[in-house]
Structures are given as C-alpha cells and as structure tokens.
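Here is start-v8.cif, consisting of mmCIF, N, CA and C atoms:
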```cif
data_query
loop_
_atom_site.label_atom_id
_atom_site.label_comp_id
_atom_site.auth_asym_id
_atom_site.auth_seq_id
_atom_site.Cartn_x
_atom_site.Cartn_y
_atom_site.Cartn_z
N MET A 1 -92.28 -113.47 -30.48
CA MET A 1 -93.00 -114.69 -30.22
C MET A 1 -92.07 -115.87 -30.48
N SER A 2 -92.07 -116.78 -29.56
CA SER A 2 -91.12 -117.88 -29.65
C SER A 2 -91.58 -118.95 -30.63
N LYS A 3 -90.63 -119.70 -31.18
CA LYS A 3 -90.96 -120.79 -32.09
C LYS A 3 -91.38 -122.04 -31.32
N ASP A 4 -90.89 -122.21 -30.08
CA ASP A 4 -91.28 -123.33 -29.23
C ASP A 4 -92.29 -122.84 -28.21
N LEU A 5 -93.23 -123.69 -27.87
CA LEU A 5 -94.25 -123.32 -26.89
C LEU A 5 -93.61 -123.19 -25.51
N GLU A 6 -93.87 -122.07 -24.87
CA GLU A 6 -93.37 -121.82 -23.52
C GLU A 6 -94.44 -122.25 -22.52
N GLY A 7 -94.07 -123.06 -21.54
CA GLY A 7 -95.02 -123.53 -20.54
C GLY A 7 -95.43 -122.42 -19.59
N GLY A 8 -96.57 -122.64 -18.92
CA GLY A 8 -97.02 -121.68 -17.93
C GLY A 8 -98.50 -121.36 -18.05
N ILE A 9 -98.93 -120.33 -17.36
CA ILE A 9 -100.34 -119.91 -17.34
C ILE A 9 -100.41 -118.46 -17.76
N THR A 10 -101.33 -118.17 -18.66
CA THR A 10 -101.64 -116.78 -19.00
C THR A 10 -103.01 -116.51 -18.39
N ARG A 11 -103.06 -115.63 -17.42
CA ARG A 11 -104.27 -115.38 -16.65
C ARG A 11 -105.37 -114.74 -17.49
N SER A 12 -106.61 -114.98 -17.08
CA SER A 12 -107.79 -114.41 -17.74
C SER A 12 -107.68 -112.89 -17.78
N GLY A 13 -108.03 -112.32 -18.93
CA GLY A 13 -108.02 -110.87 -19.08
C GLY A 13 -106.65 -110.26 -19.20
N THR A 14 -105.64 -111.10 -19.44
CA THR A 14 -104.28 -110.59 -19.62
C THR A 14 -103.64 -111.30 -20.81
N GLY A 15 -102.58 -110.70 -21.32
CA GLY A 15 -101.78 -111.33 -22.35
C GLY A 15 -100.43 -111.71 -21.78
N TYR A 16 -99.76 -112.69 -22.41
CA TYR A 16 -98.44 -113.03 -21.89
C TYR A 16 -97.52 -111.84 -22.04
N ASP A 17 -96.58 -111.74 -21.12
CA ASP A 17 -95.65 -110.61 -21.05
C ASP A 17 -96.37 -109.27 -20.94
N GLY A 18 -97.64 -109.27 -20.47
CA GLY A 18 -98.39 -108.04 -20.29
C GLY A 18 -98.87 -107.40 -21.58
N VAL A 19 -98.82 -108.12 -22.69
CA VAL A 19 -99.18 -107.56 -24.00
C VAL A 19 -100.70 -107.47 -24.14
N GLU A 20 -101.16 -106.33 -24.61
CA GLU A 20 -102.56 -106.12 -24.98
C GLU A 20 -102.57 -105.34 -26.28
N TRP A 21 -103.36 -105.82 -27.25
CA TRP A 21 -103.46 -105.12 -28.52
C TRP A 21 -104.83 -104.49 -28.67
N ASN A 22 -104.87 -103.32 -29.29
CA ASN A 22 -106.11 -102.67 -29.69
C ASN A 22 -106.23 -102.90 -31.19
N ILE A 23 -107.15 -103.80 -31.56
CA ILE A 23 -107.37 -104.10 -32.97
C ILE A 23 -108.71 -103.52 -33.37
N LEU A 24 -108.68 -102.34 -33.99
CA LEU A 24 -109.88 -101.61 -34.39
C LEU A 24 -110.89 -101.50 -33.25
N GLY A 25 -110.39 -101.15 -32.07
CA GLY A 25 -111.25 -100.90 -30.92
C GLY A 25 -111.51 -102.10 -30.03
N GLN A 26 -111.16 -103.30 -30.49
CA GLN A 26 -111.35 -104.49 -29.68
C GLN A 26 -110.05 -104.81 -28.94
N LYS A 27 -110.21 -105.32 -27.71
CA LYS A 27 -109.04 -105.73 -26.93
C LYS A 27 -108.70 -107.18 -27.26
N TYR A 28 -107.43 -107.39 -27.62
CA TYR A 28 -106.91 -108.73 -27.89
C TYR A 28 -105.76 -108.97 -26.91
N PHE A 29 -105.75 -110.16 -26.33
CA PHE A 29 -104.68 -110.56 -25.42
C PHE A 29 -104.05 -111.83 -25.96
N PRO A 30 -102.75 -111.81 -26.32
CA PRO A 30 -102.10 -113.05 -26.75
C PRO A 30 -101.97 -114.00 -25.56
N LYS A 31 -102.33 -115.25 -25.77
CA LYS A 31 -102.30 -116.25 -24.70
C LYS A 31 -101.16 -117.24 -24.85
N ALA A 32 -100.86 -117.64 -26.08
CA ALA A 32 -99.78 -118.59 -26.33
C ALA A 32 -99.37 -118.47 -27.80
N SER A 33 -98.09 -118.65 -28.04
CA SER A 33 -97.61 -118.57 -29.41
C SER A 33 -96.40 -119.47 -29.59
N CYS A 34 -96.45 -120.23 -30.65
CA CYS A 34 -95.30 -121.04 -31.08
C CYS A 34 -95.48 -121.30 -32.56
N GLU A 35 -94.61 -122.04 -33.14
CA GLU A 35 -94.68 -122.28 -34.58
C GLU A 35 -95.98 -122.98 -34.99
N THR A 36 -96.47 -123.88 -34.14
CA THR A 36 -97.62 -124.70 -34.53
C THR A 36 -98.98 -124.09 -34.18
N THR A 37 -99.02 -123.10 -33.28
CA THR A 37 -100.31 -122.53 -32.89
C THR A 37 -100.14 -121.13 -32.33
N PHE A 38 -101.22 -120.38 -32.39
CA PHE A 38 -101.28 -119.04 -31.81
C PHE A 38 -102.67 -118.88 -31.21
N ALA A 39 -102.73 -118.57 -29.90
CA ALA A 39 -104.00 -118.40 -29.20
C ALA A 39 -104.10 -116.98 -28.66
N PHE A 40 -105.32 -116.42 -28.73
CA PHE A 40 -105.53 -115.06 -28.24
C PHE A 40 -106.97 -114.91 -27.77
N GLU A 41 -107.14 -114.05 -26.77
CA GLU A 41 -108.46 -113.73 -26.23
C GLU A 41 -108.94 -112.44 -26.89
N THR A 42 -110.22 -112.41 -27.25
CA THR A 42 -110.82 -111.18 -27.77
C THR A 42 -111.93 -110.74 -26.83
N ASN A 43 -112.11 -109.44 -26.77
CA ASN A 43 -113.19 -108.83 -25.99
C ASN A 43 -113.91 -107.87 -26.91
N SER A 44 -115.15 -108.22 -27.26
CA SER A 44 -115.91 -107.46 -28.24
C SER A 44 -117.11 -106.81 -27.58
N GLU A 45 -117.17 -105.50 -27.66
CA GLU A 45 -118.33 -104.76 -27.16
C GLU A 45 -119.47 -104.88 -28.16
N PRO A 46 -120.69 -104.61 -27.73
CA PRO A 46 -121.82 -104.64 -28.67
C PRO A 46 -121.52 -103.79 -29.91
N GLY A 47 -121.82 -104.35 -31.07
CA GLY A 47 -121.60 -103.64 -32.33
C GLY A 47 -120.24 -103.86 -32.95
N GLN A 48 -119.29 -104.41 -32.22
CA GLN A 48 -117.96 -104.64 -32.79
C GLN A 48 -117.95 -105.94 -33.61
N PHE A 49 -117.03 -105.99 -34.57
CA PHE A 49 -116.98 -107.16 -35.44
C PHE A 49 -115.64 -107.22 -36.17
N VAL A 50 -115.39 -108.38 -36.77
CA VAL A 50 -114.29 -108.54 -37.72
C VAL A 50 -114.94 -109.01 -39.01
N PRO A 51 -114.80 -108.24 -40.09
CA PRO A 51 -115.47 -108.56 -41.35
C PRO A 51 -115.04 -109.92 -41.91
N VAL A 52 -115.82 -110.40 -42.86
CA VAL A 52 -115.56 -111.70 -43.47
C VAL A 52 -114.18 -111.67 -44.16
N HIS A 53 -113.42 -112.72 -43.86
CA HIS A 53 -112.06 -112.85 -44.38
C HIS A 53 -111.71 -114.32 -44.51
N ILE A 54 -110.57 -114.58 -45.08
CA ILE A 54 -110.09 -115.95 -45.29
C ILE A 54 -108.65 -116.06 -44.79
N HIS A 55 -108.37 -117.17 -44.11
CA HIS A 55 -107.00 -117.55 -43.77
C HIS A 55 -106.64 -118.69 -44.73
N PRO A 56 -105.89 -118.43 -45.78
CA PRO A 56 -105.59 -119.50 -46.73
C PRO A 56 -104.60 -120.54 -46.20
N THR A 57 -103.90 -120.23 -45.10
CA THR A 57 -102.84 -121.13 -44.63
C THR A 57 -103.08 -121.63 -43.21
N GLN A 58 -104.24 -121.33 -42.60
CA GLN A 58 -104.47 -121.68 -41.20
C GLN A 58 -105.89 -122.17 -40.97
N ASP A 59 -106.01 -123.14 -40.08
CA ASP A 59 -107.31 -123.48 -39.50
C ASP A 59 -107.50 -122.58 -38.30
N GLU A 60 -108.75 -122.15 -38.04
CA GLU A 60 -109.03 -121.25 -36.93
C GLU A 60 -110.18 -121.80 -36.10
N PHE A 61 -110.12 -121.53 -34.80
CA PHE A 61 -111.13 -121.98 -33.85
C PHE A 61 -111.52 -120.82 -32.94
N ILE A 62 -112.77 -120.84 -32.48
CA ILE A 62 -113.25 -119.88 -31.49
C ILE A 62 -113.98 -120.64 -30.41
N LEU A 63 -113.57 -120.44 -29.16
CA LEU A 63 -114.31 -120.94 -28.00
C LEU A 63 -114.95 -119.71 -27.35
N VAL A 64 -116.27 -119.58 -27.49
CA VAL A 64 -116.97 -118.44 -26.91
C VAL A 64 -117.02 -118.66 -25.40
N GLN A 65 -116.54 -117.69 -24.64
CA GLN A 65 -116.47 -117.82 -23.20
C GLN A 65 -117.58 -117.06 -22.49
N GLU A 66 -117.95 -115.90 -23.02
CA GLU A 66 -119.03 -115.08 -22.45
C GLU A 66 -119.79 -114.44 -23.59
N GLY A 67 -121.10 -114.29 -23.42
CA GLY A 67 -121.92 -113.64 -24.43
C GLY A 67 -122.16 -114.54 -25.62
N GLN A 68 -122.37 -113.91 -26.76
CA GLN A 68 -122.57 -114.68 -27.99
C GLN A 68 -122.04 -113.89 -29.17
N LEU A 69 -121.71 -114.62 -30.22
CA LEU A 69 -121.23 -114.03 -31.47
C LEU A 69 -122.08 -114.55 -32.62
N GLU A 70 -122.40 -113.65 -33.52
CA GLU A 70 -123.02 -114.04 -34.78
C GLU A 70 -121.87 -114.25 -35.75
N LEU A 71 -121.92 -115.35 -36.47
CA LEU A 71 -120.84 -115.68 -37.39
C LEU A 71 -121.37 -115.88 -38.79
N LYS A 72 -120.63 -115.39 -39.74
CA LYS A 72 -120.91 -115.73 -41.13
C LYS A 72 -119.82 -116.71 -41.53
N LEU A 73 -120.24 -117.95 -41.73
CA LEU A 73 -119.31 -119.04 -42.05
C LEU A 73 -119.64 -119.59 -43.41
N ASP A 74 -118.75 -119.43 -44.34
CA ASP A 74 -118.92 -119.94 -45.70
C ASP A 74 -120.26 -119.51 -46.30
N GLY A 75 -120.62 -118.22 -46.05
CA GLY A 75 -121.83 -117.65 -46.63
C GLY A 75 -123.10 -117.83 -45.82
N GLU A 76 -123.04 -118.57 -44.72
CA GLU A 76 -124.22 -118.84 -43.90
C GLU A 76 -124.09 -118.18 -42.53
N TRP A 77 -125.20 -117.61 -42.02
CA TRP A 77 -125.21 -117.01 -40.68
C TRP A 77 -125.52 -118.06 -39.64
N THR A 78 -124.83 -117.98 -38.50
CA THR A 78 -125.07 -118.87 -37.37
C THR A 78 -124.70 -118.13 -36.09
N THR A 79 -125.12 -118.66 -34.96
CA THR A 79 -124.86 -118.05 -33.66
C THR A 79 -124.05 -119.01 -32.80
N ALA A 80 -123.03 -118.49 -32.14
CA ALA A 80 -122.25 -119.27 -31.17
C ALA A 80 -122.41 -118.60 -29.81
N LYS A 81 -122.78 -119.40 -28.82
CA LYS A 81 -122.99 -118.90 -27.45
C LYS A 81 -121.89 -119.42 -26.54
N ALA A 82 -121.87 -118.89 -25.31
CA ALA A 82 -120.85 -119.29 -24.33
C ALA A 82 -120.78 -120.82 -24.24
N GLY A 83 -119.57 -121.33 -24.34
CA GLY A 83 -119.33 -122.78 -24.30
C GLY A 83 -119.24 -123.43 -25.67
N ASP A 84 -119.69 -122.75 -26.71
CA ASP A 84 -119.65 -123.32 -28.07
C ASP A 84 -118.26 -123.17 -28.68
N LEU A 85 -117.88 -124.17 -29.47
CA LEU A 85 -116.62 -124.14 -30.21
C LEU A 85 -116.94 -124.02 -31.69
N VAL A 86 -116.35 -123.03 -32.32
CA VAL A 86 -116.52 -122.80 -33.76
C VAL A 86 -115.26 -123.29 -34.46
N ARG A 87 -115.44 -124.09 -35.50
CA ARG A 87 -114.32 -124.63 -36.29
C ARG A 87 -114.37 -124.01 -37.68
N MET A 88 -113.26 -123.40 -38.10
CA MET A 88 -113.20 -122.73 -39.39
C MET A 88 -111.98 -123.23 -40.16
N PRO A 89 -112.16 -124.20 -41.05
CA PRO A 89 -111.03 -124.72 -41.81
C PRO A 89 -110.40 -123.65 -42.70
N ARG A 90 -109.13 -123.81 -42.97
CA ARG A 90 -108.42 -122.86 -43.84
C ARG A 90 -109.15 -122.75 -45.18
N GLY A 91 -109.14 -121.54 -45.72
CA GLY A 91 -109.75 -121.29 -47.01
C GLY A 91 -111.25 -121.01 -46.96
N ILE A 92 -111.89 -121.15 -45.80
CA ILE A 92 -113.33 -120.93 -45.67
C ILE A 92 -113.58 -119.48 -45.22
N PRO A 93 -114.37 -118.70 -45.97
CA PRO A 93 -114.67 -117.33 -45.55
C PRO A 93 -115.42 -117.32 -44.22
N HIS A 94 -115.02 -116.40 -43.34
CA HIS A 94 -115.68 -116.29 -42.04
C HIS A 94 -115.49 -114.89 -41.47
N GLY A 95 -116.42 -114.47 -40.65
CA GLY A 95 -116.34 -113.22 -39.92
C GLY A 95 -117.17 -113.35 -38.67
N TYR A 96 -116.88 -112.54 -37.66
CA TYR A 96 -117.67 -112.60 -36.43
C TYR A 96 -118.14 -111.21 -36.04
N PHE A 97 -119.33 -111.17 -35.44
CA PHE A 97 -120.04 -109.93 -35.16
C PHE A 97 -120.71 -110.04 -33.80
N ASN A 98 -120.52 -109.04 -32.95
CA ASN A 98 -121.27 -108.98 -31.69
C ASN A 98 -122.50 -108.11 -31.96
N LYS A 99 -123.60 -108.75 -32.29
CA LYS A 99 -124.84 -108.04 -32.58
C LYS A 99 -125.74 -107.95 -31.36
N SER A 100 -125.27 -108.42 -30.22
CA SER A 100 -126.07 -108.39 -29.00
C SER A 100 -125.88 -107.06 -28.28
N ASP A 101 -126.55 -106.93 -27.14
CA ASP A 101 -126.40 -105.72 -26.33
C ASP A 101 -125.46 -105.93 -25.15
N LYS A 102 -124.70 -107.05 -25.18
CA LYS A 102 -123.77 -107.37 -24.09
C LYS A 102 -122.38 -107.65 -24.67
N PRO A 103 -121.33 -107.43 -23.88
CA PRO A 103 -119.98 -107.77 -24.35
C PRO A 103 -119.84 -109.27 -24.59
N ALA A 104 -118.92 -109.63 -25.45
CA ALA A 104 -118.59 -111.03 -25.72
C ALA A 104 -117.09 -111.21 -25.51
N ARG A 105 -116.73 -112.37 -24.97
CA ARG A 105 -115.32 -112.70 -24.76
C ARG A 105 -115.11 -114.09 -25.34
N ALA A 106 -114.01 -114.27 -26.07
CA ALA A 106 -113.76 -115.56 -26.71
C ALA A 106 -112.27 -115.85 -26.77
N LEU A 107 -111.95 -117.13 -26.79
CA LEU A 107 -110.59 -117.59 -27.02
C LEU A 107 -110.51 -118.06 -28.46
N PHE A 108 -109.62 -117.46 -29.22
CA PHE A 108 -109.37 -117.84 -30.61
C PHE A 108 -108.02 -118.54 -30.68
N TRP A 109 -107.88 -119.44 -31.62
CA TRP A 109 -106.54 -119.95 -31.93
C TRP A 109 -106.50 -120.40 -33.37
N VAL A 110 -105.30 -120.28 -33.93
CA VAL A 110 -105.05 -120.70 -35.29
C VAL A 110 -103.91 -121.70 -35.29
N SER A 111 -103.93 -122.56 -36.31
CA SER A 111 -102.88 -123.55 -36.46
C SER A 111 -102.60 -123.72 -37.95
N PRO A 112 -101.35 -123.58 -38.36
CA PRO A 112 -100.19 -123.13 -37.60
C PRO A 112 -100.24 -121.61 -37.38
N ALA A 113 -99.32 -121.10 -36.57
CA ALA A 113 -99.33 -119.68 -36.23
C ALA A 113 -99.05 -118.80 -37.45
N ARG A 114 -98.10 -119.22 -38.29
CA ARG A 114 -97.70 -118.48 -39.48
C ARG A 114 -97.42 -117.01 -39.16
N LYS A 115 -98.08 -116.07 -39.85
CA LYS A 115 -97.78 -114.64 -39.70
C LYS A 115 -98.78 -113.89 -38.82
N LEU A 116 -99.74 -114.60 -38.20
CA LEU A 116 -100.79 -113.89 -37.46
C LEU A 116 -100.27 -113.12 -36.25
N PRO A 117 -99.37 -113.67 -35.42
CA PRO A 117 -98.86 -112.85 -34.30
C PRO A 117 -98.19 -111.56 -34.78
N ALA A 118 -97.43 -111.65 -35.85
CA ALA A 118 -96.77 -110.45 -36.39
C ALA A 118 -97.81 -109.46 -36.92
N LEU A 119 -98.88 -109.98 -37.52
CA LEU A 119 -99.94 -109.09 -38.02
C LEU A 119 -100.55 -108.30 -36.88
N PHE A 120 -100.87 -108.96 -35.77
CA PHE A 120 -101.50 -108.25 -34.65
C PHE A 120 -100.58 -107.18 -34.08
N GLU A 121 -99.28 -107.45 -34.06
CA GLU A 121 -98.33 -106.43 -33.60
C GLU A 121 -98.40 -105.18 -34.49
N VAL A 122 -98.52 -105.40 -35.80
CA VAL A 122 -98.59 -104.28 -36.74
C VAL A 122 -99.95 -103.57 -36.64
N LEU A 123 -101.03 -104.33 -36.48
CA LEU A 123 -102.38 -103.74 -36.45
C LEU A 123 -102.66 -102.96 -35.17
N HIS A 124 -101.90 -103.22 -34.11
CA HIS A 124 -102.15 -102.53 -32.83
C HIS A 124 -102.26 -101.02 -33.04
N ASP A 125 -103.38 -100.47 -32.65
CA ASP A 125 -103.69 -99.03 -32.70
C ASP A 125 -103.84 -98.45 -34.11
N MET A 126 -103.84 -99.29 -35.15
CA MET A 126 -104.10 -98.76 -36.50
C MET A 126 -105.57 -98.38 -36.60
N THR A 127 -105.87 -97.31 -37.32
CA THR A 127 -107.26 -96.88 -37.48
C THR A 127 -107.69 -96.78 -38.95
N ASP A 128 -106.75 -96.77 -39.87
CA ASP A 128 -107.05 -96.67 -41.29
C ASP A 128 -107.45 -98.04 -41.81
N VAL A 129 -108.75 -98.21 -42.11
CA VAL A 129 -109.27 -99.52 -42.50
C VAL A 129 -108.63 -100.02 -43.79
N GLU A 130 -108.40 -99.14 -44.75
CA GLU A 130 -107.75 -99.57 -46.00
C GLU A 130 -106.35 -100.10 -45.73
N ALA A 131 -105.62 -99.45 -44.83
CA ALA A 131 -104.28 -99.91 -44.47
C ALA A 131 -104.36 -101.26 -43.74
N VAL A 132 -105.38 -101.43 -42.89
CA VAL A 132 -105.56 -102.71 -42.18
C VAL A 132 -105.76 -103.83 -43.19
N VAL A 133 -106.59 -103.61 -44.20
CA VAL A 133 -106.85 -104.63 -45.22
C VAL A 133 -105.57 -104.95 -45.99
N ARG A 134 -104.81 -103.93 -46.36
CA ARG A 134 -103.57 -104.14 -47.12
C ARG A 134 -102.54 -104.91 -46.31
N VAL A 135 -102.32 -104.47 -45.07
CA VAL A 135 -101.33 -105.13 -44.20
C VAL A 135 -101.76 -106.56 -43.89
N SER A 136 -103.05 -106.77 -43.70
CA SER A 136 -103.54 -108.12 -43.42
C SER A 136 -103.23 -109.06 -44.58
N ALA A 137 -103.45 -108.59 -45.81
CA ALA A 137 -103.15 -109.43 -46.99
C ALA A 137 -101.67 -109.79 -47.04
N GLU A 138 -100.82 -108.87 -46.61
CA GLU A 138 -99.38 -109.15 -46.57
C GLU A 138 -99.03 -110.20 -45.52
N HIS A 139 -99.96 -110.46 -44.59
CA HIS A 139 -99.76 -111.43 -43.51
C HIS A 139 -100.71 -112.63 -43.62
N GLU A 140 -101.16 -112.93 -44.83
CA GLU A 140 -101.97 -114.13 -45.11
C GLU A 140 -103.37 -114.09 -44.51
N VAL A 141 -103.98 -112.91 -44.44
CA VAL A 141 -105.39 -112.77 -44.07
C VAL A 141 -106.03 -111.90 -45.15
N ASP A 142 -106.97 -112.49 -45.89
CA ASP A 142 -107.56 -111.81 -47.04
C ASP A 142 -109.00 -111.43 -46.75
N PHE A 143 -109.28 -110.12 -46.66
CA PHE A 143 -110.64 -109.64 -46.43
C PHE A 143 -111.43 -109.65 -47.72
N LEU A 144 -112.70 -110.05 -47.63
CA LEU A 144 -113.59 -110.05 -48.77
C LEU A 144 -114.24 -108.66 -48.90
N PRO A 145 -114.85 -108.37 -50.04
CA PRO A 145 -115.53 -107.09 -50.20
C PRO A 145 -116.62 -106.91 -49.15
N PRO A 146 -116.97 -105.66 -48.82
CA PRO A 146 -117.95 -105.39 -47.76
C PRO A 146 -119.28 -106.12 -47.91
N GLU A 147 -119.73 -106.37 -49.15
CA GLU A 147 -121.02 -107.06 -49.33
C GLU A 147 -121.00 -108.48 -48.79
N ALA A 148 -119.82 -109.06 -48.57
CA ALA A 148 -119.74 -110.41 -47.97
C ALA A 148 -120.25 -110.42 -46.54
N ASN A 149 -120.35 -109.25 -45.90
CA ASN A 149 -120.82 -109.16 -44.52
C ASN A 149 -122.34 -109.09 -44.41
N ASP A 150 -123.03 -109.00 -45.54
CA ASP A 150 -124.51 -108.91 -45.53
C ASP A 150 -125.16 -110.25 -45.29
#
```

Show me the file's structure as structure tokens.
Amino acid sequence: MSKDLEGGITRSGTGYDGVEWNILGQKYFPKASCETTFAFETNSEPGQFVPVHIHPTQDEFILVQEGQLELKLDGEWTTAKAGDLVRMPRGIPHGYFNKSDKPARALFWVSPARKLPALFEVLHDMTDVEAVVRVSAEHEVDFLPPEAND
C-alpha cells in the first residue's frame, strides 16, 4: 500500500489491483490507501458481523450503500440504512452486525490509515478467532469481551 494517494477509479465490487480479502467470511475490497486514509468496501451476508472493538489511533466512518447495519456505538444500539453515514471517533467502542435477511454493502474508511491495511492482509482467510483478536491488537484494533456485543 502506497504512502501517497494514487489517483484513479476503483470500480464497484472490486479492490484496487484486483485485491479481495476474506475476513471471517465477509468480502472486503480495498478501495484506496495512503498514509492519511484507508477505504474499503465490505459485503456482509445476513448474520455476519464484526464484534465490538476500538481503534485507539483512528477515526472510522461507514457509508451504508445497500441494506442496513445494526451498530453498537459507545454502548448504544442504532440502525444505519442505505445512504446513512456513521461517524466513529477514535477510542469509541463500536461493532456492526447484519441482523437483516438481506445482504449489506458499505464503504468504510479510517483516518489515518496506520496499520489497518497491513492487518487486513494478515487476516485474509484466517479462521482462528483467538488468533484474529491477538493479531488485531498487534495492529491497533482492540476487541472487547464478547458480552460487549449484547
């Protein structure tokens, strides 16, 4: 991933340079990466989710493009639908869940990029949840205990 933003278009449903990651069964497509930001598309089938976690060094945003996501933001449940923008300041616990019966697609981005692109490269095709939590902490993403998802 380059330190300077590379100009161009990353088409819908694709990642730049043809990259696609499988992150615990969800499809992630990197859209743009530079030192100041990292953007990626997620495709979440019904029942898929990312547990509550914290980015201590990054602000994160979600633009829901299709479907809807249930979010736990700083201990409170809320719903984001297509067209909604979710703002998650650094240090605030958050997780997203597709609790609907339809797929959801969203554009995520973090600022600054920090270690998140490298984390996704490592997480690709990993299936051991304990290892995912450990590796994530090494890349500045801290998962909360499972009860935080209730």

Exercise for the section: Extract the full set of strand (DSSP E) residues from chain A according to DSSP on the backbone, and format it as a PyMOL selection string. Expected result: chain A and resi 21-23+26-33+38-44+49-54+59-66+68-73+76-81+85-88+94-97+104-111+142-143

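CA of Thr10 in chain A to CA of Leu107 in chain A spans 12.0 Å [interatomic distance, one decimal].
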
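Against this structure, the PyMOL selection byres ((chain A and resi 39) around 7) ends up with Phe29, Pro30, Lys31, Ala32, Ser33, Cys34, Thr37, Phe38, Phe40, Glu41, Leu107, Phe108, Trp109 and Val110 of chain A.
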
Pull N, CA and C atoms from the residues just selected and write them as a CSV table (one decimal), in the frame of the given file.
```
chain,number,residue,atom,x,y,z
A,29,PHE,N,-105.8,-110.2,-26.3
A,29,PHE,CA,-104.7,-110.6,-25.4
A,29,PHE,C,-104.0,-111.8,-26.0
A,30,PRO,N,-102.8,-111.8,-26.3
A,30,PRO,CA,-102.1,-113.0,-26.8
A,30,PRO,C,-102.0,-114.0,-25.6
A,31,LYS,N,-102.3,-115.2,-25.8
A,31,LYS,CA,-102.3,-116.2,-24.7
A,31,LYS,C,-101.2,-117.2,-24.8
A,32,ALA,N,-100.9,-117.6,-26.1
A,32,ALA,CA,-99.8,-118.6,-26.3
A,32,ALA,C,-99.4,-118.5,-27.8
A,33,SER,N,-98.1,-118.6,-28.0
A,33,SER,CA,-97.6,-118.6,-29.4
A,33,SER,C,-96.4,-119.5,-29.6
A,34,CYS,N,-96.4,-120.2,-30.6
A,34,CYS,CA,-95.3,-121.0,-31.1
A,34,CYS,C,-95.5,-121.3,-32.6
A,37,THR,N,-99.0,-123.1,-33.3
A,37,THR,CA,-100.3,-122.5,-32.9
A,37,THR,C,-100.1,-121.1,-32.3
A,38,PHE,N,-101.2,-120.4,-32.4
A,38,PHE,CA,-101.3,-119.0,-31.8
A,38,PHE,C,-102.7,-118.9,-31.2
A,40,PHE,N,-105.3,-116.4,-28.7
A,40,PHE,CA,-105.5,-115.1,-28.2
A,40,PHE,C,-107.0,-114.9,-27.8
A,41,GLU,N,-107.1,-114.0,-26.8
A,41,GLU,CA,-108.5,-113.7,-26.2
A,41,GLU,C,-108.9,-112.4,-26.9
A,107,LEU,N,-112.0,-117.1,-26.8
A,107,LEU,CA,-110.6,-117.6,-27.0
A,107,LEU,C,-110.5,-118.1,-28.5
A,108,PHE,N,-109.6,-117.5,-29.2
A,108,PHE,CA,-109.4,-117.8,-30.6
A,108,PHE,C,-108.0,-118.5,-30.7
A,109,TRP,N,-107.9,-119.4,-31.6
A,109,TRP,CA,-106.5,-120.0,-31.9
A,109,TRP,C,-106.5,-120.4,-33.4
A,110,VAL,N,-105.3,-120.3,-33.9
A,110,VAL,CA,-105.0,-120.7,-35.3
A,110,VAL,C,-103.9,-121.7,-35.3
```

Handout entry: 7 Å contact set for Gly83 in chain A, only N, CA and C atoms, chain neighbours under 5 positions out, as a PyMOL selection string
Key = chain A and resi 63-66

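Going from CA of Pro46 in chain A over to atom C of Gly15 in chain A, you cover 23.6 Å.
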
Practice task
Pull out every residue that the PyMOL selection byres (((chain A and resi 97 and name CA) around 7) and name CA) matches in the shown coordinates and put them as a list in words.
Solution key: Gln48, Phe49, Val50, Leu69, Glu70, Leu71, Gly95, Tyr96, Asn98 and Lys99 of chain A

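With only C-alpha atoms as the atoms that count, the minimum distance from Glu121 in chain A to the choices A:Arg105, A:Lys81, A:Lys72, A:His139 is reached by A:His139.
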
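Residues matched by the PyMOL selection byres ((chain A and resi 148) around 8) in this structure: A:Pro51, A:Val52, A:His53, A:Lys72, A:Gly75, A:Leu144, A:Pro145, A:Pro146, A:Glu147, A:Asn149, A:Asp150.
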
Practice task
Provide the CA of Asp59 in chain A to atom N of Val19 in chain A distance in Å, to one decimal place.
Solution key: 24.3 Å

Handout entry: Leu73 in chain A environment, 7 Å, only N, CA and C atoms, sequence neighbours closer than 4 positions dropped, as a ChimeraX atom specification
Key = /A:77-78,92-95

Practice task
May I have the residues within 12 Å of His124 in chain A as an NGL selection string, using only C-alpha atoms and disregarding those fewer than 4 positions away in the same chain?
Solution key: :A and (19-29 or 117-120 or 128 or 132 or 135)
